[in-house]
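Visitor: So here's structure-v5.tsv, just TSV, C-alpha atoms:
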chain	number	residue	atom	x	y	z
A	1	MET	CA	-54.32	31.16	210.52
A	2	THR	CA	-53.67	27.69	209.22
A	3	ARG	CA	-56.24	24.96	208.91
A	4	SER	CA	-56.64	22.71	211.97
A	5	VAL	CA	-54.80	19.41	211.61
A	6	TRP	CA	-57.73	17.37	212.95
A	7	LYS	CA	-59.85	18.37	209.95
A	8	GLY	CA	-57.45	16.85	207.44
A	9	PRO	CA	-56.81	18.28	203.98
A	10	PHE	CA	-59.80	19.53	202.01
A	11	VAL	CA	-60.57	17.73	198.74
A	12	ASP	CA	-63.77	17.86	196.74
A	13	GLY	CA	-65.43	14.43	196.70
A	14	TYR	CA	-65.91	14.17	192.94
A	15	LEU	CA	-62.22	14.71	192.41
A	16	LEU	CA	-61.31	11.63	194.44
A	17	ASN	CA	-63.64	9.51	192.30
A	18	LYS	CA	-62.18	10.89	189.09
A	19	ALA	CA	-58.60	10.38	190.25
A	20	GLU	CA	-59.41	6.80	191.19
A	21	ALA	CA	-60.99	6.17	187.79
A	22	GLY	CA	-58.00	7.78	186.05
A	23	ARG	CA	-55.53	5.67	187.97
A	24	ALA	CA	-57.53	2.48	187.37
A	25	SER	CA	-57.69	3.01	183.61
A	26	GLY	CA	-53.88	3.27	183.32
A	27	ARG	CA	-54.25	4.99	179.95
A	28	ASN	CA	-53.07	8.33	178.63
A	29	GLU	CA	-55.82	10.48	180.13
A	30	ILE	CA	-56.40	13.95	181.48
A	31	ILE	CA	-58.63	14.42	184.49
A	32	LYS	CA	-60.52	17.68	184.00
A	33	ILE	CA	-61.36	19.39	187.27
A	34	TRP	CA	-62.91	22.66	188.33
A	35	SER	CA	-61.90	22.37	191.96
A	36	ARG	CA	-58.96	24.73	192.30
A	37	ARG	CA	-59.43	24.77	196.07
A	38	SER	CA	-58.71	21.07	196.57
A	39	THR	CA	-55.47	20.00	198.19
A	40	ILE	CA	-53.13	17.76	196.20
A	41	LEU	CA	-52.95	14.40	197.95
A	42	PRO	CA	-50.19	11.76	197.69
A	43	GLN	CA	-52.50	9.45	195.72
A	44	PHE	CA	-52.64	12.04	192.90
A	45	VAL	CA	-48.88	11.80	192.22
A	46	GLY	CA	-48.21	10.70	188.64
A	47	LEU	CA	-51.63	11.73	187.32
A	48	THR	CA	-52.24	14.59	184.91
A	49	PHE	CA	-55.08	16.97	185.72
A	50	GLY	CA	-56.62	19.67	183.59
A	51	VAL	CA	-57.23	22.45	186.11
A	52	TYR	CA	-59.80	25.03	185.04
A	53	ASN	CA	-58.64	28.65	185.23
A	54	GLY	CA	-61.96	30.19	184.23
A	55	HIS	CA	-61.12	29.86	180.56
A	56	LYS	CA	-59.14	26.70	179.81
A	57	PHE	CA	-58.11	23.47	181.50
A	58	LEU	CA	-54.36	23.87	182.02
A	59	PRO	CA	-52.49	20.54	182.21
A	60	VAL	CA	-50.87	19.92	185.60
A	61	GLN	CA	-48.61	16.90	186.00
A	62	VAL	CA	-48.65	16.11	189.71
A	63	ASN	CA	-45.34	15.20	191.36
A	64	GLU	CA	-44.28	14.64	194.99
A	65	ASN	CA	-43.26	18.26	195.49
A	66	MET	CA	-46.80	19.46	194.86
A	67	VAL	CA	-48.40	17.43	197.65
A	68	GLY	CA	-50.06	19.74	200.17
A	69	HIS	CA	-50.49	22.59	197.70
A	70	LYS	CA	-53.81	23.51	196.08
A	71	PHE	CA	-54.54	22.75	192.42
A	72	GLY	CA	-55.28	26.41	191.73
A	73	GLU	CA	-51.69	27.37	192.47
A	74	PHE	CA	-50.58	25.68	189.25
A	75	SER	CA	-53.23	27.11	186.96
A	76	PRO	CA	-52.88	30.90	186.83
A	77	THR	CA	-55.94	32.92	185.89
A	78	ARG	CA	-54.04	35.81	184.29
A	79	THR	CA	-52.46	35.69	180.86
A	80	PHE	CA	-48.77	36.45	181.52
A	81	THR	CA	-46.87	33.54	180.01
A	82	GLY	CA	-43.29	34.35	181.02
A	83	HIS	CA	-40.15	34.32	178.93
A	84	SER	CA	-38.63	31.13	177.58
A	85	GLY	CA	-35.02	32.44	177.72
A	86	ASP	CA	-32.74	29.44	177.96
A	87	LYS	CA	-35.25	27.31	179.86
A	88	LYS	CA	-35.37	23.63	179.01
A	89	ALA	CA	-38.08	21.01	179.20
A	90	LYS	CA	-37.81	17.31	179.84
A	91	ARG	CA	-40.68	15.04	178.89
A	92	GLY	CA	-42.43	13.82	182.05
B	1	MET	CA	-32.61	36.82	177.77
B	2	GLY	CA	-33.21	39.84	179.93
B	3	VAL	CA	-34.24	43.43	180.19
B	4	VAL	CA	-32.40	46.40	181.65
B	5	GLY	CA	-34.13	47.87	184.67
B	6	ARG	CA	-33.58	51.03	186.65
B	7	PRO	CA	-30.10	52.45	187.29
B	8	HIS	CA	-28.33	51.51	190.50
B	9	GLY	CA	-26.19	54.20	192.05
B	10	VAL	CA	-24.24	56.83	190.13
B	11	ARG	CA	-21.53	54.68	188.56
B	12	GLY	CA	-23.49	53.26	185.64
B	13	LEU	CA	-24.69	50.06	187.26
B	14	VAL	CA	-28.16	48.82	186.32
B	15	HIS	CA	-30.71	46.37	187.63
B	16	LEU	CA	-30.86	43.56	185.09
B	17	HIS	CA	-33.90	41.28	185.00
B	18	SER	CA	-32.60	37.97	183.70
B	19	TYR	CA	-34.86	35.41	182.03
B	20	ALA	CA	-32.13	32.76	182.09
B	21	ALA	CA	-32.79	29.61	184.09
B	22	ASP	CA	-29.54	30.35	185.94
B	23	PRO	CA	-28.88	34.11	185.93
B	24	ALA	CA	-25.24	33.50	186.86
B	25	ALA	CA	-24.73	31.81	183.47
B	26	LEU	CA	-25.86	34.86	181.50
B	27	PRO	CA	-22.37	36.40	180.97
B	28	SER	CA	-21.07	33.08	179.62
B	29	TYR	CA	-23.47	33.13	176.65
B	30	GLY	CA	-21.41	35.74	174.83
B	31	PRO	CA	-22.48	39.18	173.67
B	32	LEU	CA	-26.01	40.35	174.39
B	33	VAL	CA	-27.68	42.15	171.50
B	34	ASP	CA	-30.48	44.70	171.72
B	35	GLU	CA	-33.18	45.48	169.15
B	36	ARG	CA	-31.02	48.16	167.52
B	37	GLY	CA	-28.15	45.73	167.00
B	38	ARG	CA	-25.90	47.16	169.72
B	39	GLN	CA	-23.79	44.56	171.46
B	40	PHE	CA	-23.23	44.44	175.19
B	41	ARG	CA	-21.18	42.41	177.60
B	42	MET	CA	-22.23	42.23	181.21
B	43	ARG	CA	-20.84	41.27	184.57
B	44	TRP	CA	-22.86	40.69	187.71
B	45	HIS	CA	-21.98	43.20	190.41
B	46	SER	CA	-24.32	41.92	193.09
B	47	GLU	CA	-27.64	40.08	193.08
B	48	GLY	CA	-29.74	41.51	190.24
B	49	VAL	CA	-27.32	44.38	189.64
B	50	ALA	CA	-24.98	44.31	186.65
B	51	GLU	CA	-22.22	46.28	185.05
B	52	LEU	CA	-22.78	46.73	181.29
B	53	PHE	CA	-20.17	47.26	178.62
B	54	GLU	CA	-21.12	48.36	175.12
B	55	MET	CA	-19.03	46.75	172.37
B	56	ALA	CA	-18.20	49.27	169.65
B	57	ASP	CA	-15.36	49.12	167.08
B	58	GLY	CA	-13.83	46.21	168.94
B	59	LYS	CA	-13.67	48.25	172.15
B	60	ARG	CA	-15.38	47.55	175.45
B	61	LEU	CA	-16.98	50.78	176.65
B	62	ARG	CA	-18.27	50.65	180.19
B	63	VAL	CA	-21.57	52.44	180.83
B	64	PRO	CA	-19.96	55.40	182.57
B	65	ASP	CA	-22.61	56.98	184.78
B	66	ARG	CA	-26.21	57.07	185.87
B	67	THR	CA	-27.28	59.29	182.97
B	68	ALA	CA	-26.00	56.76	180.43
B	69	ALA	CA	-27.60	53.94	182.43
B	70	GLU	CA	-30.96	55.75	182.41
B	71	LYS	CA	-30.90	55.72	178.59
B	72	LEU	CA	-30.72	51.92	178.64
B	73	VAL	CA	-33.79	51.38	180.83
B	74	ASN	CA	-36.20	48.86	179.27
B	75	THR	CA	-33.65	47.70	176.69
B	76	ARG	CA	-34.37	44.09	175.85
B	77	LEU	CA	-31.32	41.90	175.51
B	78	TYR	CA	-31.07	38.84	173.30
B	79	ILE	CA	-28.47	36.22	172.44
B	80	GLU	CA	-27.77	34.11	169.38
B	81	ARG	CA	-29.46	30.71	169.56
B	82	ALA	CA	-26.16	29.07	168.58
B	83	SER	CA	-24.47	30.36	171.72
B	84	LEU	CA	-26.64	28.17	173.95
B	85	PRO	CA	-25.05	24.83	174.90
B	86	PRO	CA	-26.67	21.75	173.34
B	87	PRO	CA	-29.38	20.28	175.58
B	88	ASP	CA	-29.05	16.84	177.17
B	89	ALA	CA	-30.72	13.78	175.71
B	90	ASP	CA	-34.51	14.03	175.85
B	91	GLU	CA	-34.25	17.66	176.90
B	92	PHE	CA	-35.40	20.55	174.73
B	93	TYR	CA	-35.16	24.31	174.85
B	94	LEU	CA	-38.66	25.76	175.16
B	95	SER	CA	-37.85	28.20	172.37
B	96	ASP	CA	-37.00	25.26	170.06
B	97	LEU	CA	-40.40	23.66	170.58
B	98	GLN	CA	-42.26	26.80	169.58
B	99	GLY	CA	-43.40	26.69	165.97
B	100	LEU	CA	-42.86	22.95	165.39
B	101	GLN	CA	-45.50	21.33	163.21
B	102	VAL	CA	-47.76	18.99	165.17
B	103	MET	CA	-48.95	15.67	163.73
B	104	THR	CA	-51.07	13.11	165.50
B	105	VAL	CA	-49.98	9.47	165.59
B	106	ASP	CA	-52.62	8.73	162.94
B	107	GLY	CA	-51.17	11.40	160.62
B	108	ARG	CA	-53.55	14.33	161.20
B	109	ASP	CA	-52.00	17.80	160.99
B	110	LEU	CA	-52.89	20.01	163.98
B	111	GLY	CA	-50.87	23.06	162.97
B	112	PRO	CA	-47.87	24.60	164.71
B	113	VAL	CA	-47.05	24.81	168.41
B	114	THR	CA	-48.18	28.33	169.33
B	115	GLY	CA	-46.89	28.38	172.88
B	116	VAL	CA	-44.85	26.46	175.43
B	117	HIS	CA	-45.67	27.20	179.06
B	118	ASP	CA	-44.71	26.07	182.53
B	119	HIS	CA	-46.58	27.40	185.53
B	120	GLY	CA	-44.98	24.98	188.00
B	121	GLY	CA	-47.19	22.06	187.04
B	122	GLY	CA	-44.97	20.73	184.25
B	123	VAL	CA	-44.42	21.98	180.72
B	124	TYR	CA	-47.40	21.98	178.38
B	125	LEU	CA	-47.80	22.82	174.71
B	126	GLU	CA	-50.39	25.16	173.31
B	127	ILE	CA	-51.52	24.10	169.84
B	128	GLY	CA	-54.25	26.51	168.78
B	129	THR	CA	-56.92	25.98	171.42
B	130	LEU	CA	-55.56	22.58	172.43
B	131	LEU	CA	-53.36	22.28	175.54
B	132	LEU	CA	-51.20	19.17	175.80
B	133	PRO	CA	-48.91	18.11	178.65
B	134	PHE	CA	-45.32	17.59	177.50
B	135	THR	CA	-45.10	13.94	178.52
B	136	LYS	CA	-43.83	10.86	176.75
B	137	ALA	CA	-47.39	9.52	176.64
B	138	CYS	CA	-48.84	12.64	174.99
B	139	VAL	CA	-45.80	13.65	172.92
B	140	PRO	CA	-44.12	10.41	171.84
B	141	GLY	CA	-41.98	11.96	169.12
B	142	VAL	CA	-40.01	15.22	168.98
B	143	ASP	CA	-37.92	16.00	165.92
B	144	VAL	CA	-36.56	19.52	166.34
B	145	ALA	CA	-34.26	19.26	163.30
B	146	GLY	CA	-37.16	18.04	161.17
B	147	GLY	CA	-39.45	20.71	162.58
B	148	ARG	CA	-42.22	18.39	163.73
B	149	ILE	CA	-43.57	16.61	166.76
B	150	THR	CA	-45.92	13.67	167.03
B	151	VAL	CA	-48.69	13.73	169.61
B	152	ALA	CA	-51.11	11.19	171.00
B	153	LEU	CA	-54.24	13.03	172.06
B	154	PRO	CA	-55.22	12.06	175.60
B	155	ALA	CA	-58.70	10.88	176.50
B	156	GLU	CA	-60.70	12.52	179.26
B	157	VAL	CA	-61.64	10.70	182.46
B	158	VAL	CA	-65.42	10.69	182.79
B	159	VAL	CA	-67.22	9.55	185.91
B	160	ALA	CA	-71.00	9.14	185.97
B	161	GLU	CA	-71.91	11.82	188.49
B	162	ASP	CA	-69.14	14.13	187.21
B	163	ARG	CA	-70.11	17.78	186.75
B	164	ALA	CA	-73.40	17.60	188.61
B	165	GLU	CA	-71.63	16.52	191.78
B	166	ALA	CA	-68.92	19.12	191.29
B	167	SER	CA	-71.46	21.92	191.25
B	168	ARG	CA	-73.28	20.43	194.25
B	169	ASP	CA	-70.01	20.34	196.24
B	170	THR	CA	-69.29	23.93	195.32
B	171	ALA	CA	-72.75	25.05	196.43
B	172	ALA	CA	-72.49	23.25	199.77
As a first step, turn the structure in this file into structure tokens.
Guide:
Amino acid sequence: MTRSVWKGPFVDGYLLNKAEAGRASGRNEIIKIWSRRSTILPQFVGLTFGVYNGHKFLPVQVNENMVGHKFGEFSPTRTFTGHSGDKKAKRG
Amino acid sequence: MGVVGRPHGVRGLVHLHSYAADPAALPSYGPLVDERGRQFRMRWHSEGVAELFEMADGKRLRVPDRTAAEKLVNTRLYIERASLPPPDADEFYLSDLQGLQVMTVDGRDLGPVTGVHDHGGGVYLEIGTLLLPFTKACVPGVDVAGGRITVALPAEVVVAEDRAEASRDTAA
């Protein structure tokens, strides 16, 4: 069952403060968070978070497509790293 | 670039797990080579199912039946790096970034890149225990030919109530 719309998305309070401070600084910063359960909000787009996976803070660059998902979805807790194959990276 | 999975049917077809960004492009990369040096060509038969041809003495020998296909299960297939098309400007193959020497903007040597990962939240580099997002701000210089990249270590956002509040929220 999905979450009721009237409740709004869940976000831990401390995370909002950190995101605001990160955006205000305008510098090259990583916002370390433990809250994997928090929903990604539109105001987080463009920020880089370090999402804790129980071991490390994995960098997550938030873009528009991630809005509505939870932070934990982008920070796997198991060690499988995948295969590079012919995959390419573009600097964000 | 891929690994041979279980046989499909009795005519020598196999399930092929492709690690290519676009599996349809896999046959265009030229011969696939396994760990024993055998060369294969492949053709997609249907989604995830391929027809394999072993190249021997200049001949193209189709994998004839299920028994032959069973012998190929778990065979890892590779390609020559040179057969990949050159990447676009400001685009890099993940495999090229691996092993590059990392220097900070102030000239400190951090060692080689030990891993390049992407879990859906953007590519990031693993440099020993350090994890760095692959952004222009954090990685201002990439010189694949020269075998080195330049990084600007990011600061961490710290707010006064920080961790204490985080644990209080979690407990609530």
Visitor: Need to verify the contact set: Gly122 of chain B, 6 Å, only C-alpha atoms, exclusion of same-chain residues closer than 2 positions in sequence. Can you return it as an MDAnalysis selection string?
Guide: (chainID A and resid 61) or (chainID B and resid 118 120)
Visitor: Which is closest to chain B among A:Thr77, A:Asn28, A:Ser4, A:Ser38, if we use all atoms listed in the file?
Guide: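 Using all atoms listed in the file, chain B sits closest to A:Asn28.
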Visitor: Could you jot down the atom CA of Val62 of chain A to atom CA of Val45 of chain A separation for me, Å, one decimal place?
Guide: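 Taking atom CA of Val62 of chain A as the start and atom CA of Val45 of chain A as the end point, the length is 5.0 Å.
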Visitor: Take atom CA of Ile79 of chain B and atom CA of Asp34 of chain B and report the distance between them in Å, one decimal.
Guide: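 Result for atom CA of Ile79 of chain B versus atom CA of Asp34 of chain B: 8.7 Å, one decimal.
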Visitor: For a test of reading the model, state the distance in Å between atom CA of Thr79 of chain A and atom CA of Leu58 of chain A, rounded to one decimal.
Guide: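 These two atoms are separated by 12.0 Å.
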Visitor: Identify all chain B residues at most 6 Å from chain A by counting only C-alpha atoms; ligands do not count. Present them as a ChimeraX atom specification.
Guide: /B:1,19-21,91-94,119-122,133-136,154-157
Visitor: In the coordinate frame of the file, compute which residues have an atom within 12 Å of (-41.9, 9.1, 170.0) when using all atoms listed in the file, and state them as a count of residues only.
Guide: 20
Visitor: For a quick check of understanding, using all atoms listed in the file, which of A:Lys7, A:His55, A:Ala24, A:Ile40 has the smallest distance to Arg78 of chain A?
Guide: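 Smallest distance to Arg78 of chain A is found for A:His55.
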Visitor: Given the point (-28.8, 44.9, 189.0) in the coordinates of this file, which residues lie within 7 Å, counting only C-alpha atoms, and how would they look as an mmCIF file with C-alpha atoms, in the frame of the given file?
Guide:
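Result written to point-v2.cif:
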data_model
loop_
_atom_site.group_PDB
_atom_site.id
_atom_site.type_symbol
_atom_site.label_atom_id
_atom_site.label_comp_id
_atom_site.auth_asym_id
_atom_site.auth_seq_id
_atom_site.Cartn_x
_atom_site.Cartn_y
_atom_site.Cartn_z
ATOM 1 C CA HIS B 8 -28.330 51.510 190.500
ATOM 2 C CA LEU B 13 -24.690 50.060 187.260
ATOM 3 C CA VAL B 14 -28.160 48.820 186.320
ATOM 4 C CA HIS B 15 -30.710 46.370 187.630
ATOM 5 C CA LEU B 16 -30.860 43.560 185.090
ATOM 6 C CA SER B 46 -24.320 41.920 193.090
ATOM 7 C CA GLU B 47 -27.640 40.080 193.080
ATOM 8 C CA GLY B 48 -29.740 41.510 190.240
ATOM 9 C CA VAL B 49 -27.320 44.380 189.640
ATOM 10 C CA ALA B 50 -24.980 44.310 186.650
#
